[in-house]
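Peer 1: Contents are mmCIF, C-alpha atoms; file name protein_18.cif:
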data_protein
#
loop_
_atom_site.label_atom_id
_atom_site.label_comp_id
_atom_site.auth_asym_id
_atom_site.auth_seq_id
_atom_site.Cartn_x
_atom_site.Cartn_y
_atom_site.Cartn_z
CA GLY I 1 74.43 162.40 171.53
CA ALA I 2 77.56 163.93 173.06
CA VAL I 3 77.42 167.25 171.24
CA VAL I 4 79.62 170.14 172.28
CA SER I 5 79.15 173.61 170.86
CA GLN I 6 81.43 176.64 170.83
CA HIS I 7 80.64 180.25 170.24
CA PRO I 8 81.79 182.21 168.38
CA SER I 9 83.26 180.06 165.62
CA ARG I 10 85.45 182.91 164.45
CA VAL I 11 86.39 186.23 165.99
CA ILE I 12 88.60 189.11 164.92
CA CYS I 13 89.59 191.67 167.52
CA LYS I 14 91.98 194.54 168.03
CA SER I 15 95.11 194.17 170.09
CA GLY I 16 94.49 194.99 173.74
CA THR I 17 90.85 193.94 173.83
CA SER I 18 89.42 190.90 175.60
CA VAL I 19 87.58 188.06 173.92
CA LYS I 20 85.25 185.52 175.51
CA ILE I 21 84.69 182.07 174.05
CA GLU I 22 81.83 179.88 175.27
CA CYS I 23 81.79 176.10 175.35
CA ARG I 24 78.57 174.20 176.00
CA SER I 25 77.75 170.51 176.33
CA LEU I 26 74.32 170.30 174.71
CA ASP I 27 73.03 166.86 175.67
CA PHE I 28 75.06 165.77 178.67
CA GLN I 29 76.47 167.16 181.86
CA ALA I 30 80.21 167.67 181.84
CA THR I 31 81.97 167.25 185.13
CA THR I 32 85.19 168.36 183.51
CA MET I 33 85.91 170.61 180.56
CA PHE I 34 89.22 171.19 178.85
CA TRP I 35 90.62 174.03 176.78
CA TYR I 36 93.13 173.39 174.03
CA ARG I 37 95.06 175.52 171.61
CA GLN I 38 96.10 174.29 168.20
CA PHE I 39 98.61 175.83 165.82
CA PRO I 40 98.49 175.06 162.08
CA LYS I 41 99.48 171.49 161.25
CA GLN I 42 100.19 170.71 164.88
CA SER I 43 98.48 168.63 167.50
CA LEU I 44 96.34 169.94 170.32
CA MET I 45 98.06 171.63 173.26
CA LEU I 46 96.19 171.39 176.54
CA MET I 47 95.91 174.79 178.21
CA ALA I 48 93.78 174.07 181.26
CA THR I 49 91.34 171.73 182.91
CA SER I 50 88.24 173.05 184.62
CA ASN I 51 85.83 171.36 186.97
CA GLU I 52 82.43 172.80 187.66
CA GLY I 53 82.46 175.14 190.62
CA SER I 54 86.20 175.11 191.21
CA LYS I 55 89.26 176.91 189.92
CA ALA I 56 90.83 175.76 186.70
CA THR I 57 94.10 173.90 186.65
CA TYR I 58 96.50 175.41 184.16
CA GLU I 59 99.27 173.60 182.31
CA GLN I 60 102.82 174.72 182.76
CA GLY I 61 103.60 177.84 180.76
CA VAL I 62 99.98 178.96 180.40
CA GLU I 63 99.30 182.34 182.01
CA LYS I 64 96.22 182.03 184.18
CA ASP I 65 95.75 185.81 184.35
CA LYS I 66 95.72 186.02 180.59
CA PHE I 67 93.48 183.05 179.89
CA LEU I 68 90.62 183.27 182.38
CA ILE I 69 88.49 180.16 182.65
CA ASN I 70 85.11 179.95 184.32
CA HIS I 71 83.10 176.75 184.66
CA ALA I 72 79.88 178.11 186.07
CA SER I 73 77.65 175.10 185.43
CA LEU I 74 77.81 171.47 184.35
CA THR I 75 77.10 172.50 180.76
CA LEU I 76 79.01 175.75 180.31
CA SER I 77 82.64 176.82 180.46
CA THR I 78 84.09 180.08 179.20
CA LEU I 79 87.59 181.09 178.18
CA THR I 80 88.42 184.78 178.19
CA VAL I 81 91.57 185.91 176.45
CA THR I 82 92.44 189.16 178.21
CA SER I 83 94.42 191.99 176.60
CA ALA I 84 94.82 189.96 173.46
CA HIS I 85 97.94 190.30 171.33
CA PRO I 86 98.66 189.07 167.81
CA GLU I 87 100.60 186.11 169.19
CA ASP I 88 97.36 184.91 170.84
CA SER I 89 95.91 184.33 167.38
CA SER I 90 95.16 180.65 167.19
CA PHE I 91 92.52 177.94 167.00
CA TYR I 92 90.99 177.34 170.43
CA ILE I 93 89.09 174.11 171.04
CA CYS I 94 87.19 173.01 174.10
CA SER I 95 86.22 169.50 175.09
CA ALA I 96 83.88 168.07 177.67
CA ARG I 97 84.10 164.86 179.64
CA PRO I 98 80.91 163.19 180.83
CA GLY I 99 80.91 161.91 184.38
CA GLY I 100 81.16 158.30 185.46
CA ASP I 101 83.67 155.86 184.03
CA GLN I 102 83.93 157.44 180.62
CA GLU I 103 87.43 158.67 179.94
CA THR I 104 86.53 160.03 176.53
CA GLN I 105 86.33 163.69 175.71
CA TYR I 106 83.98 165.21 173.17
CA PHE I 107 85.26 168.22 171.31
CA GLY I 108 83.65 171.42 170.19
CA PRO I 109 84.06 172.70 166.63
CA GLY I 110 86.71 175.22 167.66
CA THR I 111 87.03 179.01 167.63
CA ARG I 112 89.44 180.75 165.34
CA LEU I 113 90.81 183.91 166.95
CA LEU I 114 92.62 186.56 164.96
CA VAL I 115 94.11 189.49 166.85
CA LEU I 116 95.05 192.47 164.69
CA GLN M 1 111.20 161.23 173.82
CA LYS M 2 107.52 162.04 173.48
CA GLU M 3 105.03 160.02 175.49
CA VAL M 4 103.08 159.25 172.32
CA GLU M 5 104.67 158.91 168.91
CA GLN M 6 102.71 159.11 165.68
CA ASP M 7 103.96 159.37 162.12
CA PRO M 8 102.76 162.71 160.75
CA GLY M 9 102.50 161.46 157.18
CA PRO M 10 101.08 162.48 154.85
CA LEU M 11 99.79 159.06 153.91
CA SER M 12 98.34 158.91 150.40
CA VAL M 13 96.28 155.89 149.30
CA PRO M 14 93.89 155.12 146.43
CA GLU M 15 90.18 154.89 147.08
CA GLY M 16 89.18 151.45 148.35
CA ALA M 17 92.52 150.71 149.99
CA ILE M 18 92.92 149.47 153.54
CA VAL M 19 94.56 152.13 155.68
CA SER M 20 96.66 151.37 158.73
CA LEU M 21 97.42 154.14 161.22
CA ASN M 22 99.59 153.56 164.25
CA CYS M 23 100.84 155.05 167.49
CA THR M 24 103.41 153.91 169.99
CA TYR M 25 103.62 155.07 173.57
CA SER M 26 105.99 154.82 176.49
CA ASN M 27 103.78 155.16 179.58
CA SER M 28 102.62 151.74 180.76
CA ALA M 29 99.93 153.43 182.91
CA PHE M 30 97.82 154.29 179.86
CA GLN M 31 94.65 152.24 179.82
CA TYR M 32 92.21 154.26 177.73
CA PHE M 33 92.85 154.66 174.03
CA MET M 34 91.02 156.79 171.52
CA TRP M 35 91.16 157.71 167.88
CA TYR M 36 89.91 161.07 166.70
CA ARG M 37 89.40 162.35 163.17
CA GLN M 38 89.93 166.03 162.50
CA TYR M 39 88.98 167.80 159.30
CA SER M 40 90.71 171.06 158.48
CA ARG M 41 89.54 173.95 160.67
CA LYS M 42 87.20 171.71 162.68
CA GLY M 43 87.29 170.16 166.13
CA PRO M 44 88.33 166.51 166.54
CA GLU M 45 85.57 163.91 166.22
CA LEU M 46 85.73 160.75 168.34
CA LEU M 47 85.94 157.65 166.14
CA MET M 48 86.91 154.81 168.45
CA TYR M 49 87.34 154.28 172.17
CA THR M 50 89.02 151.22 173.64
CA TYR M 51 89.79 150.25 177.19
CA SER M 52 92.91 148.14 177.80
CA SER M 53 94.05 145.59 175.19
CA GLY M 54 92.01 144.05 172.42
CA ASN M 55 90.15 144.84 169.24
CA LYS M 56 87.07 146.90 168.59
CA GLU M 57 85.20 147.17 165.32
CA ASP M 58 82.71 149.80 164.18
CA GLY M 59 81.67 149.71 160.56
CA ARG M 60 84.74 150.25 158.38
CA PHE M 61 86.92 151.08 161.38
CA THR M 62 88.83 148.65 163.58
CA ALA M 63 90.92 149.70 166.56
CA GLN M 64 93.57 147.45 168.05
CA VAL M 65 95.47 147.87 171.28
CA ASP M 66 98.54 145.82 172.19
CA LYS M 67 99.58 146.92 175.66
CA SER M 68 102.47 144.47 175.80
CA SER M 69 104.07 146.23 172.84
CA LYS M 70 102.68 149.68 173.74
CA TYR M 71 101.26 149.92 170.25
CA ILE M 72 97.83 150.92 168.98
CA SER M 73 96.39 150.83 165.48
CA LEU M 74 93.40 152.06 163.54
CA PHE M 75 92.41 150.26 160.35
CA ILE M 76 90.08 151.78 157.80
CA ARG M 77 88.60 149.39 155.24
CA ASP M 78 87.32 150.45 151.83
CA SER M 79 88.73 153.94 152.31
CA GLN M 80 86.82 156.83 150.76
CA PRO M 81 87.91 160.33 149.72
CA SER M 82 85.75 161.62 152.58
CA ASP M 83 88.11 159.84 154.97
CA SER M 84 90.81 162.35 154.02
CA ALA M 85 91.61 164.10 157.29
CA THR M 86 94.09 164.13 160.13
CA TYR M 87 93.82 161.19 162.52
CA LEU M 88 94.88 161.72 166.12
CA CYS M 89 95.50 158.98 168.62
CA ALA M 90 94.95 159.86 172.25
CA MET M 91 95.32 158.01 175.52
CA SER M 92 94.99 158.46 179.25
CA ALA M 93 95.79 156.70 182.48
CA ARG M 94 93.08 155.91 184.97
CA SER M 95 94.67 158.21 187.49
CA SER M 96 94.44 161.19 185.20
CA TYR M 97 91.70 162.62 183.06
CA LYS M 98 94.18 164.33 180.76
CA LEU M 99 94.42 163.02 177.25
CA ILE M 100 97.87 162.71 175.74
CA PHE M 101 97.71 163.16 171.98
CA GLY M 102 99.88 161.95 169.17
CA SER M 103 100.95 164.55 166.66
CA GLY M 104 98.37 163.32 164.12
CA THR M 105 98.69 161.56 160.77
CA ARG M 106 97.43 163.30 157.65
CA LEU M 107 95.58 160.89 155.37
CA LEU M 108 94.71 161.56 151.75
CA VAL M 109 92.47 159.13 149.91
CA ARG M 110 92.73 159.67 146.17
CA PRO M 111 89.59 159.12 144.04
#
Go through the file and emit its structure as structure tokens.
Peer 2:
Amino acid sequence: GAVVSQHPSRVICKSGTSVKIECRSLDFQATTMFWYRQFPKQSLMLMATSNEGSKATYEQGVEKDKFLINHASLTLSTLTVTSAHPEDSSFYICSARPGGDQETQYFGPGTRLLVL
Amino acid sequence: QKEVEQDPGPLSVPEGAIVSLNCTYSNSAFQYFMWYRQYSRKGPELLMYTYSSGNKEDGRFTAQVDKSSKYISLFIRDSQPSDSATYLCAMSARSSYKLIFGSGTRLLVRP
């Protein structure tokens, strides 16, 4: 149980284009989903928290107009990197938190984005 | 000072050794403690989840939480080369769903 998928696993795009990454909880409903960014040999950096049906809460320093997050259902959240630039190249990982008392988060396999 | 401190390693041990990984933290509000394992270019995988102080065992893994010392540990018995990965501690307070991560410890188990 507690499987989270991400799609695509890897994407290469040209500078100026937009890229959408999907995150799905496959066998549970996620009241909250999180988006992280991870640079090589570094820990995870939380970008934003999204609750189903409401606007995402962004961490300080994260541009909400650049990183659009939509949490349309209890099993799906999307991150759209708009007008991507080479400095947006990174490993993006989502996680999902089941409802109830569980404080744990289950992570997706990550999406590697390369902007040329 | 970071909220969660974790030695980045790398920690290199021979196969079969007992591995001890540790994190210290400063926020006394943390009540939920987790250990994740992350292989290169993969998402973190939840290994252990502990609420408040105490020990928890699952197979070769044992997690310990000492809230009085603000110190958590993960022990791996009979370590295997397949255990080679980065281990991340994470914790949260009841009032917040955000996980605060350590920087991760790279472990290498030599055959």
Peer 1: If you measure from atom CA of I:Asp88 to atom CA of M:Asp7, what distance in Å do you get, rounded to one decimal?
Peer 2: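 Between these atoms lies a distance of 27.8 Å.
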Peer 1: Can you check which parts of chain I lie within 10 Å of chain M? Per residue, the shortest pair of atoms and distance in Å to one decimal, counting all atoms listed in the file, sorted by chain and number, as CSV.
Peer 2:
residue,atom,partner,partner_atom,distance
I:Ala2,CA,M:Leu46,CA,10.0
I:Val4,CA,M:Gly43,CA,9.8
I:Gln6,CA,M:Gly43,CA,9.9
I:Ser9,CA,M:Lys42,CA,9.7
I:Thr32,CA,M:Tyr97,CA,8.7
I:Phe34,CA,M:Lys98,CA,8.7
I:Gln38,CA,M:Gly43,CA,9.9
I:Pro40,CA,M:Arg41,CA,9.1
I:Lys41,CA,M:Gly104,CA,8.7
I:Gln42,CA,M:Ser103,CA,6.5
I:Ser43,CA,M:Ser103,CA,4.8
I:Leu44,CA,M:Phe101,CA,7.1
I:Met45,CA,M:Phe101,CA,8.6
I:Leu46,CA,M:Lys98,CA,8.5
I:Ala48,CA,M:Lys98,CA,9.8
I:Thr49,CA,M:Lys98,CA,8.2
I:Phe91,CA,M:Arg41,CA,8.1
I:Tyr92,CA,M:Gly43,CA,9.2
I:Ile93,CA,M:Gly43,CA,6.6
I:Cys94,CA,M:Gly43,CA,8.5
I:Ser95,CA,M:Gly43,CA,9.0
I:Arg97,CA,M:Tyr97,CA,8.6
I:Asp101,CA,M:Arg94,CA,9.5
I:Gln102,CA,M:Tyr32,CA,9.3
I:Glu103,CA,M:Tyr97,CA,6.6
I:Thr104,CA,M:Tyr49,CA,7.3
I:Gln105,CA,M:Leu46,CA,8.0
I:Tyr106,CA,M:Leu46,CA,6.8
I:Phe107,CA,M:Gly43,CA,5.9
I:Gly108,CA,M:Gly43,CA,5.6
I:Pro109,CA,M:Gly43,CA,4.1
I:Gly110,CA,M:Gly43,CA,5.3
I:Thr111,CA,M:Lys42,CA,8.8
I:Arg112,CA,M:Arg41,CA,8.2
Peer 1: From the options M:Tyr39, M:Ala63, M:Gly16, M:Asp58, which residue's atoms come nearest to M:Asp78, counting only C-alpha atoms?
Peer 2: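 Between M:Tyr39, M:Ala63, M:Gly16, M:Asp58, the residue approaching M:Asp78 most closely is M:Gly16.
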Peer 1: For stretch 10-21 of chain I, please output as a ChimeraX atom specification all residues within 10 Å (counting only C-alpha atoms; exclusion window: fewer than 6 positions along the same chain).
Peer 2: /I:66-69,77-89,91-94,110-116
Peer 1: Starting from the displayed file, determine the output of the PyMOL selection byres ((chain M and resi 81) around 8) and express the residue list as a list in words.
Peer 2: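 The output of the PyMOL selection byres ((chain M and resi 81) around 8) on this file is Glu15, Ser79, Gln80, Ser82, Asp83, Ser84, Leu108, Val109, Arg110 and Pro111 of chain M.
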Peer 1: Work out how far apart atom CA of M:Asn22 and atom CA of I:Ala96 are and give it in Å to one decimal.
Peer 2: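 Interatomic distance, atom CA of M:Asn22 to atom CA of I:Ala96: 25.2 Å.
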Peer 1: Contacts of M:Gln1 at 9 Å or less, counting only C-alpha atoms, minus same-chain residues fewer than 3 places along, as a count of residues only?
Peer 2: 3
Peer 1: Which protein, DNA or RNA residues are at most 9 Å from (92.9, 145.6, 166.5) in the file's coordinates when you count all atoms listed in the file, listed as a list of chain:residue names?
Peer 2: M:Ser53, M:Gly54, M:Asn55, M:Lys56, M:Glu57, M:Thr62, M:Ala63, M:Gln64, M:Val65, M:Asp66, M:Ile72, M:Ser73, M:Leu74, M:Phe75
Peer 1: Within 10 Å of (90.6, 176.2, 187.2) in the file's own coordinates, which protein, DNA or RNA residues have an atom, counting all atoms listed in the file? List them as a list in words.
Peer 2: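 Taken together, the residues in range are Met33, Phe34, Ala48, Thr49, Ser50, Asn51, Glu52, Gly53, Ser54, Lys55, Ala56, Thr57, Tyr58, Lys64, Leu68, Ile69, Asn70 and His71 of chain I.
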Peer 1: Create the file for the chosen residues now, containing C-alpha atoms and written as a PDB file, in the coordinates of the input.
Peer 2:
ATOM      1  CA  MET I  33      85.910 170.610 180.560  1.00  0.00           C
ATOM      2  CA  PHE I  34      89.220 171.190 178.850  1.00  0.00           C
ATOM      3  CA  ALA I  48      93.780 174.070 181.260  1.00  0.00           C
ATOM      4  CA  THR I  49      91.340 171.730 182.910  1.00  0.00           C
ATOM      5  CA  SER I  50      88.240 173.050 184.620  1.00  0.00           C
ATOM      6  CA  ASN I  51      85.830 171.360 186.970  1.00  0.00           C
ATOM      7  CA  GLU I  52      82.430 172.800 187.660  1.00  0.00           C
ATOM      8  CA  GLY I  53      82.460 175.140 190.620  1.00  0.00           C
ATOM      9  CA  SER I  54      86.200 175.110 191.210  1.00  0.00           C
ATOM     10  CA  LYS I  55      89.260 176.910 189.920  1.00  0.00           C
ATOM     11  CA  ALA I  56      90.830 175.760 186.700  1.00  0.00           C
ATOM     12  CA  THR I  57      94.100 173.900 186.650  1.00  0.00           C
ATOM     13  CA  TYR I  58      96.500 175.410 184.160  1.00  0.00           C
ATOM     14  CA  LYS I  64      96.220 182.030 184.180  1.00  0.00           C
ATOM     15  CA  LEU I  68      90.620 183.270 182.380  1.00  0.00           C
ATOM     16  CA  ILE I  69      88.490 180.160 182.650  1.00  0.00           C
ATOM     17  CA  ASN I  70      85.110 179.950 184.320  1.00  0.00           C
ATOM     18  CA  HIS I  71      83.100 176.750 184.660  1.00  0.00           C
TER      19      HIS I  71
END
Peer 1: Would you compute the distance between atom CA of M:Pro10 and atom CA of M:Arg77? Give it in Å to one decimal.
Peer 2: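 It comes out at 18.1 Å.
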Peer 1: Given the choices M:Cys89, M:Val19, M:Ala29, M:Val13, which gets closest to M:Phe61 if the distance is worked out from only C-alpha atoms?
Peer 2: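 With only C-alpha atoms as the atom set, the closest residue is M:Val19.
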Peer 1: Once 4 Å is added on each side, what centre and edge lengths in Å to one decimal does the axis-aligned box around all listed atoms of stretch 88-93 of chain I have, as JSON?
Peer 2:
{"center_x": 93.2, "center_y": 179.5, "center_z": 169.0, "size_x": 16.3, "size_y": 18.8, "size_z": 12.0}
Peer 1: Any chance you could model N, CA, C and O atoms for stretch 72-86 of chain M and send them as a PDB file, in the frame of the given file?
Peer 2:
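Result file rebuild_18.pdb:
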ATOM      1  N   ILE M  72      99.240 150.937 169.342  1.00  0.00           N
ATOM      2  CA  ILE M  72      97.830 150.920 168.980  1.00  0.00           C
ATOM      3  C   ILE M  72      97.690 151.205 167.493  1.00  0.00           C
ATOM      4  O   ILE M  72      98.539 151.882 166.901  1.00  0.00           O
ATOM      5  N   SER M  73      96.611 150.681 166.917  1.00  0.00           N
ATOM      6  CA  SER M  73      96.390 150.830 165.480  1.00  0.00           C
ATOM      7  C   SER M  73      94.943 151.153 165.201  1.00  0.00           C
ATOM      8  O   SER M  73      94.040 150.784 165.960  1.00  0.00           O
ATOM      9  N   LEU M  74      94.734 151.823 164.082  1.00  0.00           N
ATOM     10  CA  LEU M  74      93.400 152.060 163.540  1.00  0.00           C
ATOM     11  C   LEU M  74      93.435 151.616 162.084  1.00  0.00           C
ATOM     12  O   LEU M  74      94.285 152.070 161.311  1.00  0.00           O
ATOM     13  N   PHE M  75      92.522 150.718 161.731  1.00  0.00           N
ATOM     14  CA  PHE M  75      92.410 150.260 160.350  1.00  0.00           C
ATOM     15  C   PHE M  75      91.124 150.812 159.749  1.00  0.00           C
ATOM     16  O   PHE M  75      90.073 150.803 160.387  1.00  0.00           O
ATOM     17  N   ILE M  76      91.240 151.288 158.533  1.00  0.00           N
ATOM     18  CA  ILE M  76      90.080 151.780 157.800  1.00  0.00           C
ATOM     19  C   ILE M  76      89.955 150.929 156.540  1.00  0.00           C
ATOM     20  O   ILE M  76      90.868 150.905 155.695  1.00  0.00           O
ATOM     21  N   ARG M  77      88.832 150.220 156.433  1.00  0.00           N
ATOM     22  CA  ARG M  77      88.600 149.390 155.240  1.00  0.00           C
ATOM     23  C   ARG M  77      87.850 150.194 154.202  1.00  0.00           C
ATOM     24  O   ARG M  77      87.102 151.122 154.535  1.00  0.00           O
ATOM     25  N   ASP M  78      88.044 149.807 152.931  1.00  0.00           N
ATOM     26  CA  ASP M  78      87.320 150.450 151.830  1.00  0.00           C
ATOM     27  C   ASP M  78      87.377 151.975 151.991  1.00  0.00           C
ATOM     28  O   ASP M  78      86.341 152.649 152.069  1.00  0.00           O
ATOM     29  N   SER M  79      88.565 152.498 152.052  1.00  0.00           N
ATOM     30  CA  SER M  79      88.730 153.940 152.310  1.00  0.00           C
ATOM     31  C   SER M  79      88.071 154.776 151.214  1.00  0.00           C
ATOM     32  O   SER M  79      88.026 154.394 150.033  1.00  0.00           O
ATOM     33  N   GLN M  80      87.536 155.909 151.643  1.00  0.00           N
ATOM     34  CA  GLN M  80      86.820 156.830 150.760  1.00  0.00           C
ATOM     35  C   GLN M  80      87.509 158.189 150.771  1.00  0.00           C
ATOM     36  O   GLN M  80      88.161 158.557 151.752  1.00  0.00           O
ATOM     37  N   PRO M  81      87.331 158.972 149.709  1.00  0.00           N
ATOM     38  CA  PRO M  81      87.910 160.330 149.720  1.00  0.00           C
ATOM     39  C   PRO M  81      87.458 161.148 150.922  1.00  0.00           C
ATOM     40  O   PRO M  81      88.212 161.986 151.417  1.00  0.00           O
ATOM     41  N   SER M  82      86.249 160.888 151.410  1.00  0.00           N
ATOM     42  CA  SER M  82      85.750 161.620 152.580  1.00  0.00           C
ATOM     43  C   SER M  82      86.491 161.250 153.862  1.00  0.00           C
ATOM     44  O   SER M  82      86.329 161.927 154.887  1.00  0.00           O
ATOM     45  N   ASP M  83      87.289 160.194 153.807  1.00  0.00           N
ATOM     46  CA  ASP M  83      88.110 159.840 154.970  1.00  0.00           C
ATOM     47  C   ASP M  83      89.369 160.702 155.051  1.00  0.00           C
ATOM     48  O   ASP M  83      90.117 160.629 156.040  1.00  0.00           O
ATOM     49  N   SER M  84      89.628 161.486 154.022  1.00  0.00           N
ATOM     50  CA  SER M  84      90.810 162.350 154.020  1.00  0.00           C
ATOM     51  C   SER M  84      90.712 163.351 155.157  1.00  0.00           C
ATOM     52  O   SER M  84      89.786 164.169 155.199  1.00  0.00           O
ATOM     53  N   ALA M  85      91.637 163.273 156.076  1.00  0.00           N
ATOM     54  CA  ALA M  85      91.610 164.100 157.290  1.00  0.00           C
ATOM     55  C   ALA M  85      92.891 163.815 158.066  1.00  0.00           C
ATOM     56  O   ALA M  85      93.723 163.019 157.634  1.00  0.00           O
ATOM     57  N   THR M  86      93.004 164.451 159.204  1.00  0.00           N
ATOM     58  CA  THR M  86      94.090 164.130 160.130  1.00  0.00           C
ATOM     59  C   THR M  86      93.542 163.239 161.223  1.00  0.00           C
ATOM     60  O   THR M  86      92.482 163.524 161.788  1.00  0.00           O
TER      61      THR M  86
END
